[in-house]
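Report on one structure; see the data block that follows.
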Amino acid sequence: SQQGEEDPQALSIQEGENATMNCSYKTSINNLQWYRQNSGRGLVHLILIRSNEREKHSGRLRVTLDTSKKSSSLLITASRAADTASYFCATVIIMDTGRRALTFGSGTRLQVQP
Amino acid sequence: GAVVSQHPSRVICKSGTSVKIECRSLDFQATTMFWYRQFPKKSLMLMATSNEGSKATYEQGVEKDKFLINHASLTLSTLTVTSAHPEDSSFYICSARRVRTDTQYFGPGTRLTVL
C-alpha cells in the first residue's frame with residue numbers, strides 16, 4: 001500500500017527558479033520525511049518535520065506541514081542543475097500486516113535545466 | 001554514523017537462477033530490517049519486514065517462497081530471489097531501523113537484471 005500521493009509527478013524548471021512539490025497522506029502521523037533519489041541511486045534523507053511543527057528550514061529547503069489537510073510541501077529555492085532528482089515524501093504507518101514501516105509517496109521527478 | 005550497506009550493488013543473472021542480496025548495518029544494531037522494491041520511475045514499495053531471529057512478514061502480493069528473507073543477526077539481513085524471472089528485474093533497497101527508534105536508514109540499493 002502507498003501512503004501518499006505527490007504532485008506534480010514531474011516538474012521541469014530553469015536554474016535559479018524555485019521548485020515546489022506537494023505531498024498528501026492518508027493516516028495520522030508522528031512526522032513526515034522528505035527524501036531525494038538520483039536516477040538509479042539510493043535514497044538521501046533531506047529533512048524530517050514533526051507533527052507539531054508547521055514549517056522547517058534546512059539550507060535551500062523549506063518544508064511545511066498541514067496536519068488538518070494531511071499535506072506537506074517541499075520548496076527548493078534558487079534551484080541548481082544538481083537538484084535534478086526524484087523527491088519522495090514518506091511517513092511511518094502501520095501496514096496491513098501490523099508492522100510499522102516507512103512508506104513512500106509516489107514521488108516528483110524534478111528536472112532543473114541549466 | 002548509521003550506515004547501511006548492500007551487496008552486490010548490481011547483478012545480472014540468467015532466468016531460473018537464484019540471487020542473494022545482503023544488507024548490513026555497519027555501525028549500529030537493527031532489530032528490524034525492511035526490503036523495498038522499486039520499478040523504473042516508480043516509488044518504493046515495501047516488500048517485507050524482518051526481525052532478527054524470527055520469520056519475515058510479507059506485504060500483500062509478495063510471494064514469500066520467491067523472496068526468501070533471512071535476518072540472522074542484528075546487523076545482517078539477506079534477500080534471496082529464487083528462480084528469478086525477467087519480471088523480477090528491479091531495484092531492491094534495504095533499510096534498517098535503529099533499536100528503540102523509528103528512524104530507518106537506507107542502503108544504496110541493488111540493481112537486479114534477469115536475462
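Convention: chains lettered A, B, ... in C-alpha cells order; per-chain residue numbering from 1; ligands numbered from 1 as shown.
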Wanna dump the chain A-chain B contacts at 7 Å for me, each residue with its shortest atom pair and the distance in Å to one decimal, counting only C-alpha atoms, ordered by chain and number, as CSV?
```
residue,atom,partner,partner_atom,distance
A:Arg41,CA,B:Pro108,CA,6.4
A:Gly42,CA,B:Pro108,CA,4.2
A:Leu43,CA,B:Phe106,CA,6.6
A:Thr97,CA,B:Glu59,CA,6.5
A:Phe104,CA,B:Leu44,CA,6.3
A:Gly105,CA,B:Ser43,CA,6.8
A:Ser106,CA,B:Ser43,CA,5.1
A:Gly107,CA,B:Ser43,CA,6.2
```
File dump, residues just selected, N, CA and C atoms, as a PDB file, in the first residue's frame:
```
ATOM      1  N   ARG A  41      19.923   5.520  -8.092  1.00  0.00           N
ATOM      2  CA  ARG A  41      20.760   5.509  -6.889  1.00  0.00           C
ATOM      3  C   ARG A  41      19.916   5.348  -5.632  1.00  0.00           C
ATOM      4  N   GLY A  42      20.598   5.335  -4.496  1.00  0.00           N
ATOM      5  CA  GLY A  42      19.902   5.188  -3.227  1.00  0.00           C
ATOM      6  C   GLY A  42      19.233   6.465  -2.774  1.00  0.00           C
ATOM      7  N   LEU A  43      18.603   6.368  -1.609  1.00  0.00           N
ATOM      8  CA  LEU A  43      17.868   7.500  -1.052  1.00  0.00           C
ATOM      9  C   LEU A  43      18.769   8.368  -0.180  1.00  0.00           C
ATOM     10  N   THR A  97      -0.115  -5.642   7.577  1.00  0.00           N
ATOM     11  CA  THR A  97       0.469  -6.769   8.305  1.00  0.00           C
ATOM     12  C   THR A  97       0.633  -6.477   9.785  1.00  0.00           C
ATOM     13  N   PHE A 104       6.242   5.373   1.223  1.00  0.00           N
ATOM     14  CA  PHE A 104       6.613   6.494   0.379  1.00  0.00           C
ATOM     15  C   PHE A 104       5.474   6.975  -0.498  1.00  0.00           C
ATOM     16  N   GLY A 105       5.501   8.267  -0.770  1.00  0.00           N
ATOM     17  CA  GLY A 105       4.600   8.819  -1.757  1.00  0.00           C
ATOM     18  C   GLY A 105       5.049   8.430  -3.153  1.00  0.00           C
ATOM     19  N   SER A 106       4.268   8.858  -4.101  1.00  0.00           N
ATOM     20  CA  SER A 106       4.520   8.453  -5.492  1.00  0.00           C
ATOM     21  C   SER A 106       5.711   9.171  -6.112  1.00  0.00           C
ATOM     22  N   GLY A 107       6.131  10.277  -5.520  1.00  0.00           N
ATOM     23  CA  GLY A 107       7.347  10.951  -5.981  1.00  0.00           C
ATOM     24  C   GLY A 107       7.113  12.020  -7.029  1.00  0.00           C
TER      25      GLY A 107
END
```
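Excluding Val11 (chain B) itself and any same-chain residue fewer than 5 positions from it, the protein and nucleic acid residues within 12 Å of it, counting only C-alpha atoms, are Gln6, Thr17, Ser18, Val19, Lys20, Ile21, Val81, Ala84, Ser89, Ser90, Phe91, Tyr92, Gly109, Thr110, Arg111, Leu112, Thr113, Val114 and Leu115 of chain B.
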Could the residues in this selection be saved with N, CA and C atoms as a PDB file, in the first residue's frame?
```pdb
ATOM      1  N   GLN B   6      24.790  -2.496   1.113  1.00  0.00           N
ATOM      2  CA  GLN B   6      24.161  -3.574   0.360  1.00  0.00           C
ATOM      3  C   GLN B   6      25.181  -4.157  -0.589  1.00  0.00           C
ATOM      4  N   THR B  17      17.882 -18.782 -12.163  1.00  0.00           N
ATOM      5  CA  THR B  17      18.888 -18.826 -11.100  1.00  0.00           C
ATOM      6  C   THR B  17      18.398 -18.057  -9.880  1.00  0.00           C
ATOM      7  N   SER B  18      19.111 -18.257  -8.778  1.00  0.00           N
ATOM      8  CA  SER B  18      18.773 -17.549  -7.541  1.00  0.00           C
ATOM      9  C   SER B  18      19.835 -16.512  -7.239  1.00  0.00           C
ATOM     10  N   VAL B  19      19.425 -15.430  -6.675  1.00  0.00           N
ATOM     11  CA  VAL B  19      20.337 -14.325  -6.369  1.00  0.00           C
ATOM     12  C   VAL B  19      20.162 -13.915  -4.921  1.00  0.00           C
ATOM     13  N   LYS B  20      21.270 -13.770  -4.226  1.00  0.00           N
ATOM     14  CA  LYS B  20      21.215 -13.340  -2.828  1.00  0.00           C
ATOM     15  C   LYS B  20      21.747 -11.933  -2.696  1.00  0.00           C
ATOM     16  N   ILE B  21      21.002 -11.099  -1.985  1.00  0.00           N
ATOM     17  CA  ILE B  21      21.408  -9.714  -1.726  1.00  0.00           C
ATOM     18  C   ILE B  21      21.588  -9.561  -0.221  1.00  0.00           C
ATOM     19  N   VAL B  81      16.321 -13.927  -4.106  1.00  0.00           N
ATOM     20  CA  VAL B  81      15.310 -14.033  -5.151  1.00  0.00           C
ATOM     21  C   VAL B  81      15.502 -15.402  -5.797  1.00  0.00           C
ATOM     22  N   ALA B  84      14.788 -16.736 -10.426  1.00  0.00           N
ATOM     23  CA  ALA B  84      14.498 -15.385 -10.926  1.00  0.00           C
ATOM     24  C   ALA B  84      13.969 -15.399 -12.362  1.00  0.00           C
ATOM     25  N   SER B  89      13.292  -8.319 -12.400  1.00  0.00           N
ATOM     26  CA  SER B  89      14.282  -7.255 -12.578  1.00  0.00           C
ATOM     27  C   SER B  89      13.751  -5.976 -11.940  1.00  0.00           C
ATOM     28  N   SER B  90      14.559  -5.412 -11.080  1.00  0.00           N
ATOM     29  CA  SER B  90      14.099  -4.246 -10.328  1.00  0.00           C
ATOM     30  C   SER B  90      15.253  -3.693  -9.505  1.00  0.00           C
ATOM     31  N   PHE B  91      14.984  -2.634  -8.801  1.00  0.00           N
ATOM     32  CA  PHE B  91      15.938  -2.049  -7.861  1.00  0.00           C
ATOM     33  C   PHE B  91      15.462  -2.423  -6.463  1.00  0.00           C
ATOM     34  N   TYR B  92      16.302  -3.128  -5.727  1.00  0.00           N
ATOM     35  CA  TYR B  92      15.929  -3.592  -4.387  1.00  0.00           C
ATOM     36  C   TYR B  92      16.709  -2.772  -3.358  1.00  0.00           C
ATOM     37  N   GLY B 109      21.023   0.342  -2.418  1.00  0.00           N
ATOM     38  CA  GLY B 109      20.236  -0.354  -3.425  1.00  0.00           C
ATOM     39  C   GLY B 109      21.030  -1.361  -4.233  1.00  0.00           C
ATOM     40  N   THR B 110      20.316  -2.331  -4.776  1.00  0.00           N
ATOM     41  CA  THR B 110      20.890  -3.362  -5.656  1.00  0.00           C
ATOM     42  C   THR B 110      20.059  -3.427  -6.925  1.00  0.00           C
ATOM     43  N   ARG B 111      20.719  -3.239  -8.036  1.00  0.00           N
ATOM     44  CA  ARG B 111      20.042  -3.323  -9.333  1.00  0.00           C
ATOM     45  C   ARG B 111      20.106  -4.759  -9.816  1.00  0.00           C
ATOM     46  N   LEU B 112      18.971  -5.417  -9.906  1.00  0.00           N
ATOM     47  CA  LEU B 112      18.906  -6.797 -10.396  1.00  0.00           C
ATOM     48  C   LEU B 112      18.354  -6.806 -11.809  1.00  0.00           C
ATOM     49  N   THR B 113      19.103  -7.432 -12.700  1.00  0.00           N
ATOM     50  CA  THR B 113      18.648  -7.627 -14.072  1.00  0.00           C
ATOM     51  C   THR B 113      18.640  -9.109 -14.363  1.00  0.00           C
ATOM     52  N   VAL B 114      17.475  -9.626 -14.726  1.00  0.00           N
ATOM     53  CA  VAL B 114      17.345 -11.049 -15.035  1.00  0.00           C
ATOM     54  C   VAL B 114      17.155 -11.191 -16.547  1.00  0.00           C
ATOM     55  N   LEU B 115      18.054 -11.929 -17.152  1.00  0.00           N
ATOM     56  CA  LEU B 115      18.016 -12.057 -18.612  1.00  0.00           C
ATOM     57  C   LEU B 115      17.113 -13.208 -19.051  1.00  0.00           C
TER      58      LEU B 115
END
```
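Residues with any atom within 10 Å of Ser51 (chain A), counting only C-alpha atoms and excluding same-chain neighbours fewer than 3 positions away, are A:Ser28, A:Ile29, A:Asn30, A:Asn31, A:Leu32, A:Leu48, A:Arg54, A:Leu65, A:Asp66, A:Thr67.
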If you run DSSP over the backbone, which residues in chain B end up strand (DSSP E or B)? Put them as a VMD selection string.
chain B and resid 4 to 7 10 to 13 19 to 25 30 to 38 44 to 51 57 to 58 67 to 73 76 to 81 90 to 98 104 to 106 110 to 114
How about saving the chosen residues, C-alpha atoms kept, as a PDB file, in the first residue's frame?
```pdb
ATOM      1  CA  VAL B   4      23.711   0.627   5.758  1.00  0.00           C
ATOM      2  CA  SER B   5      25.496  -1.279   3.048  1.00  0.00           C
ATOM      3  CA  GLN B   6      24.161  -3.574   0.360  1.00  0.00           C
ATOM      4  CA  HIS B   7      25.975  -6.131  -1.677  1.00  0.00           C
ATOM      5  CA  ARG B  10      24.449  -4.602  -9.340  1.00  0.00           C
ATOM      6  CA  VAL B  11      23.811  -8.149 -10.504  1.00  0.00           C
ATOM      7  CA  ILE B  12      22.882  -9.693 -13.816  1.00  0.00           C
ATOM      8  CA  CYS B  13      21.729 -13.273 -13.834  1.00  0.00           C
ATOM      9  CA  VAL B  19      20.337 -14.325  -6.369  1.00  0.00           C
ATOM     10  CA  LYS B  20      21.215 -13.340  -2.828  1.00  0.00           C
ATOM     11  CA  ILE B  21      21.408  -9.714  -1.726  1.00  0.00           C
ATOM     12  CA  GLU B  22      22.995  -8.786   1.581  1.00  0.00           C
ATOM     13  CA  CYS B  23      22.073  -5.839   3.740  1.00  0.00           C
ATOM     14  CA  ARG B  24      24.273  -4.822   6.649  1.00  0.00           C
ATOM     15  CA  SER B  25      24.009  -2.137   9.270  1.00  0.00           C
ATOM     16  CA  ALA B  30      18.979  -3.104  13.839  1.00  0.00           C
ATOM     17  CA  THR B  31      16.305  -5.320  15.273  1.00  0.00           C
ATOM     18  CA  THR B  32      14.118  -4.601  12.269  1.00  0.00           C
ATOM     19  CA  MET B  33      15.088  -4.528   8.621  1.00  0.00           C
ATOM     20  CA  PHE B  34      12.934  -3.742   5.642  1.00  0.00           C
ATOM     21  CA  TRP B  35      13.117  -4.694   1.995  1.00  0.00           C
ATOM     22  CA  TYR B  36      11.709  -2.412  -0.672  1.00  0.00           C
ATOM     23  CA  ARG B  37      11.352  -2.832  -4.385  1.00  0.00           C
ATOM     24  CA  GLN B  38      11.351  -0.039  -6.926  1.00  0.00           C
ATOM     25  CA  LEU B  44       9.457   2.355  -3.365  1.00  0.00           C
ATOM     26  CA  MET B  45       7.087  -0.386  -2.348  1.00  0.00           C
ATOM     27  CA  LEU B  46       7.598  -2.273   0.891  1.00  0.00           C
ATOM     28  CA  MET B  47       8.027  -5.989   0.300  1.00  0.00           C
ATOM     29  CA  ALA B  48       8.651  -7.343   3.755  1.00  0.00           C
ATOM     30  CA  THR B  49       9.729  -6.599   7.272  1.00  0.00           C
ATOM     31  CA  SER B  50      12.068  -8.845   9.179  1.00  0.00           C
ATOM     32  CA  ASN B  51      13.011  -9.007  12.817  1.00  0.00           C
ATOM     33  CA  THR B  57       6.391 -10.542   7.483  1.00  0.00           C
ATOM     34  CA  TYR B  58       5.492 -10.109   3.846  1.00  0.00           C
ATOM     35  CA  PHE B  67      11.643 -13.776  -1.975  1.00  0.00           C
ATOM     36  CA  LEU B  68      13.351 -15.523   0.916  1.00  0.00           C
ATOM     37  CA  ILE B  69      14.415 -13.267   3.732  1.00  0.00           C
ATOM     38  CA  ASN B  70      16.782 -14.222   6.496  1.00  0.00           C
ATOM     39  CA  HIS B  71      17.626 -11.940   9.380  1.00  0.00           C
ATOM     40  CA  ALA B  72      20.221 -13.948  11.188  1.00  0.00           C
ATOM     41  CA  SER B  73      21.818 -11.230  13.277  1.00  0.00           C
ATOM     42  CA  LEU B  76      22.645  -8.632   8.669  1.00  0.00           C
ATOM     43  CA  SER B  77      19.595  -9.439   6.583  1.00  0.00           C
ATOM     44  CA  THR B  78      19.578 -11.241   3.275  1.00  0.00           C
ATOM     45  CA  LEU B  79      17.060 -11.331   0.454  1.00  0.00           C
ATOM     46  CA  THR B  80      17.234 -14.269  -1.916  1.00  0.00           C
ATOM     47  CA  VAL B  81      15.310 -14.033  -5.151  1.00  0.00           C
ATOM     48  CA  SER B  90      14.099  -4.246 -10.328  1.00  0.00           C
ATOM     49  CA  PHE B  91      15.938  -2.049  -7.861  1.00  0.00           C
ATOM     50  CA  TYR B  92      15.929  -3.592  -4.387  1.00  0.00           C
ATOM     51  CA  ILE B  93      16.594  -1.345  -1.408  1.00  0.00           C
ATOM     52  CA  CYS B  94      17.013  -2.436   2.161  1.00  0.00           C
ATOM     53  CA  SER B  95      16.511  -0.355   5.245  1.00  0.00           C
ATOM     54  CA  ALA B  96      17.434  -0.858   8.867  1.00  0.00           C
ATOM     55  CA  ARG B  97      15.697   0.606  11.870  1.00  0.00           C
ATOM     56  CA  ARG B  98      17.885   1.508  14.767  1.00  0.00           C
ATOM     57  CA  GLN B 104      15.130   3.978   9.202  1.00  0.00           C
ATOM     58  CA  TYR B 105      18.446   4.108   7.389  1.00  0.00           C
ATOM     59  CA  PHE B 106      18.609   3.053   3.779  1.00  0.00           C
ATOM     60  CA  THR B 110      20.890  -3.362  -5.656  1.00  0.00           C
ATOM     61  CA  ARG B 111      20.042  -3.323  -9.333  1.00  0.00           C
ATOM     62  CA  LEU B 112      18.906  -6.797 -10.396  1.00  0.00           C
ATOM     63  CA  THR B 113      18.648  -7.627 -14.072  1.00  0.00           C
ATOM     64  CA  VAL B 114      17.345 -11.049 -15.035  1.00  0.00           C
TER      65      VAL B 114
END
```
Please list as a ChimeraX atom specification every residue within 12 Å of His57 (chain A), counting only C-alpha atoms and excluding residues in the same chain fewer than 4 positions away.
/A:46-49,53,61-65,73-77
Write a file of the just-selected residues containing N, CA and C atoms, as a PDB file, in the first residue's frame.
```
ATOM      1  N   LEU A  46      16.513  14.082   3.446  1.00  0.00           N
ATOM      2  CA  LEU A  46      16.644  15.531   3.375  1.00  0.00           C
ATOM      3  C   LEU A  46      16.237  16.212   4.666  1.00  0.00           C
ATOM      4  N   ILE A  47      15.041  15.903   5.127  1.00  0.00           N
ATOM      5  CA  ILE A  47      14.512  16.663   6.253  1.00  0.00           C
ATOM      6  C   ILE A  47      13.352  15.901   6.886  1.00  0.00           C
ATOM      7  N   LEU A  48      13.179  16.067   8.179  1.00  0.00           N
ATOM      8  CA  LEU A  48      12.070  15.477   8.917  1.00  0.00           C
ATOM      9  C   LEU A  48      11.318  16.598   9.608  1.00  0.00           C
ATOM     10  N   ILE A  49      10.011  16.577   9.487  1.00  0.00           N
ATOM     11  CA  ILE A  49       9.192  17.573  10.179  1.00  0.00           C
ATOM     12  C   ILE A  49       8.220  16.821  11.082  1.00  0.00           C
ATOM     13  N   GLU A  53       5.027  20.531  14.246  1.00  0.00           N
ATOM     14  CA  GLU A  53       5.719  21.623  13.565  1.00  0.00           C
ATOM     15  C   GLU A  53       4.949  22.003  12.315  1.00  0.00           C
ATOM     16  N   LEU A  61      16.162  24.372   1.464  1.00  0.00           N
ATOM     17  CA  LEU A  61      14.926  23.609   1.576  1.00  0.00           C
ATOM     18  C   LEU A  61      13.994  24.218   2.614  1.00  0.00           C
ATOM     19  N   ARG A  62      12.716  24.247   2.244  1.00  0.00           N
ATOM     20  CA  ARG A  62      11.700  24.679   3.202  1.00  0.00           C
ATOM     21  C   ARG A  62      10.553  23.670   3.121  1.00  0.00           C
ATOM     22  N   VAL A  63      10.212  23.113   4.247  1.00  0.00           N
ATOM     23  CA  VAL A  63       9.132  22.138   4.307  1.00  0.00           C
ATOM     24  C   VAL A  63       8.007  22.684   5.175  1.00  0.00           C
ATOM     25  N   THR A  64       6.796  22.508   4.712  1.00  0.00           N
ATOM     26  CA  THR A  64       5.634  22.862   5.515  1.00  0.00           C
ATOM     27  C   THR A  64       4.792  21.617   5.756  1.00  0.00           C
ATOM     28  N   LEU A  65       4.050  21.655   6.820  1.00  0.00           N
ATOM     29  CA  LEU A  65       3.176  20.534   7.159  1.00  0.00           C
ATOM     30  C   LEU A  65       1.842  21.076   7.643  1.00  0.00           C
ATOM     31  N   SER A  73       4.498  20.248   1.904  1.00  0.00           N
ATOM     32  CA  SER A  73       5.138  20.736   0.687  1.00  0.00           C
ATOM     33  C   SER A  73       6.632  20.879   0.920  1.00  0.00           C
ATOM     34  N   LEU A  74       7.365  20.674  -0.144  1.00  0.00           N
ATOM     35  CA  LEU A  74       8.821  20.861  -0.139  1.00  0.00           C
ATOM     36  C   LEU A  74       9.148  21.942  -1.155  1.00  0.00           C
ATOM     37  N   LEU A  75       9.791  22.983  -0.694  1.00  0.00           N
ATOM     38  CA  LEU A  75      10.214  24.073  -1.573  1.00  0.00           C
ATOM     39  C   LEU A  75      11.730  24.080  -1.661  1.00  0.00           C
ATOM     40  N   ILE A  76      12.236  24.060  -2.868  1.00  0.00           N
ATOM     41  CA  ILE A  76      13.673  24.208  -3.099  1.00  0.00           C
ATOM     42  C   ILE A  76      13.861  25.573  -3.732  1.00  0.00           C
ATOM     43  N   THR A  77      14.575  26.432  -3.066  1.00  0.00           N
ATOM     44  CA  THR A  77      14.780  27.774  -3.595  1.00  0.00           C
ATOM     45  C   THR A  77      16.068  27.845  -4.417  1.00  0.00           C
TER      46      THR A  77
END
```
Rounded to one decimal, what separation in Å do you get between CA of Thr84 (chain A) and CA of Leu26 (chain B)?
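If I compute the distance from CA of Thr84 (chain A) to CA of Leu26 (chain B), I get 29.2 Å.
We find CA of Met21 (chain A) and CA of Asn52 (chain A) to be spaced 20.7 Å apart.
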re CA of Ala101 (chain A) and CA of Ala56 (chain B): distance 13.2 Å
Compile the contact shell of Leu102 (chain A) as a list of chain:residue names: residues with an atom at most 7 Å away, counting only C-alpha atoms, same-chain residues fewer than 6 positions apart removed.
A:Ala90, A:Thr91, A:Val92, A:Ile93
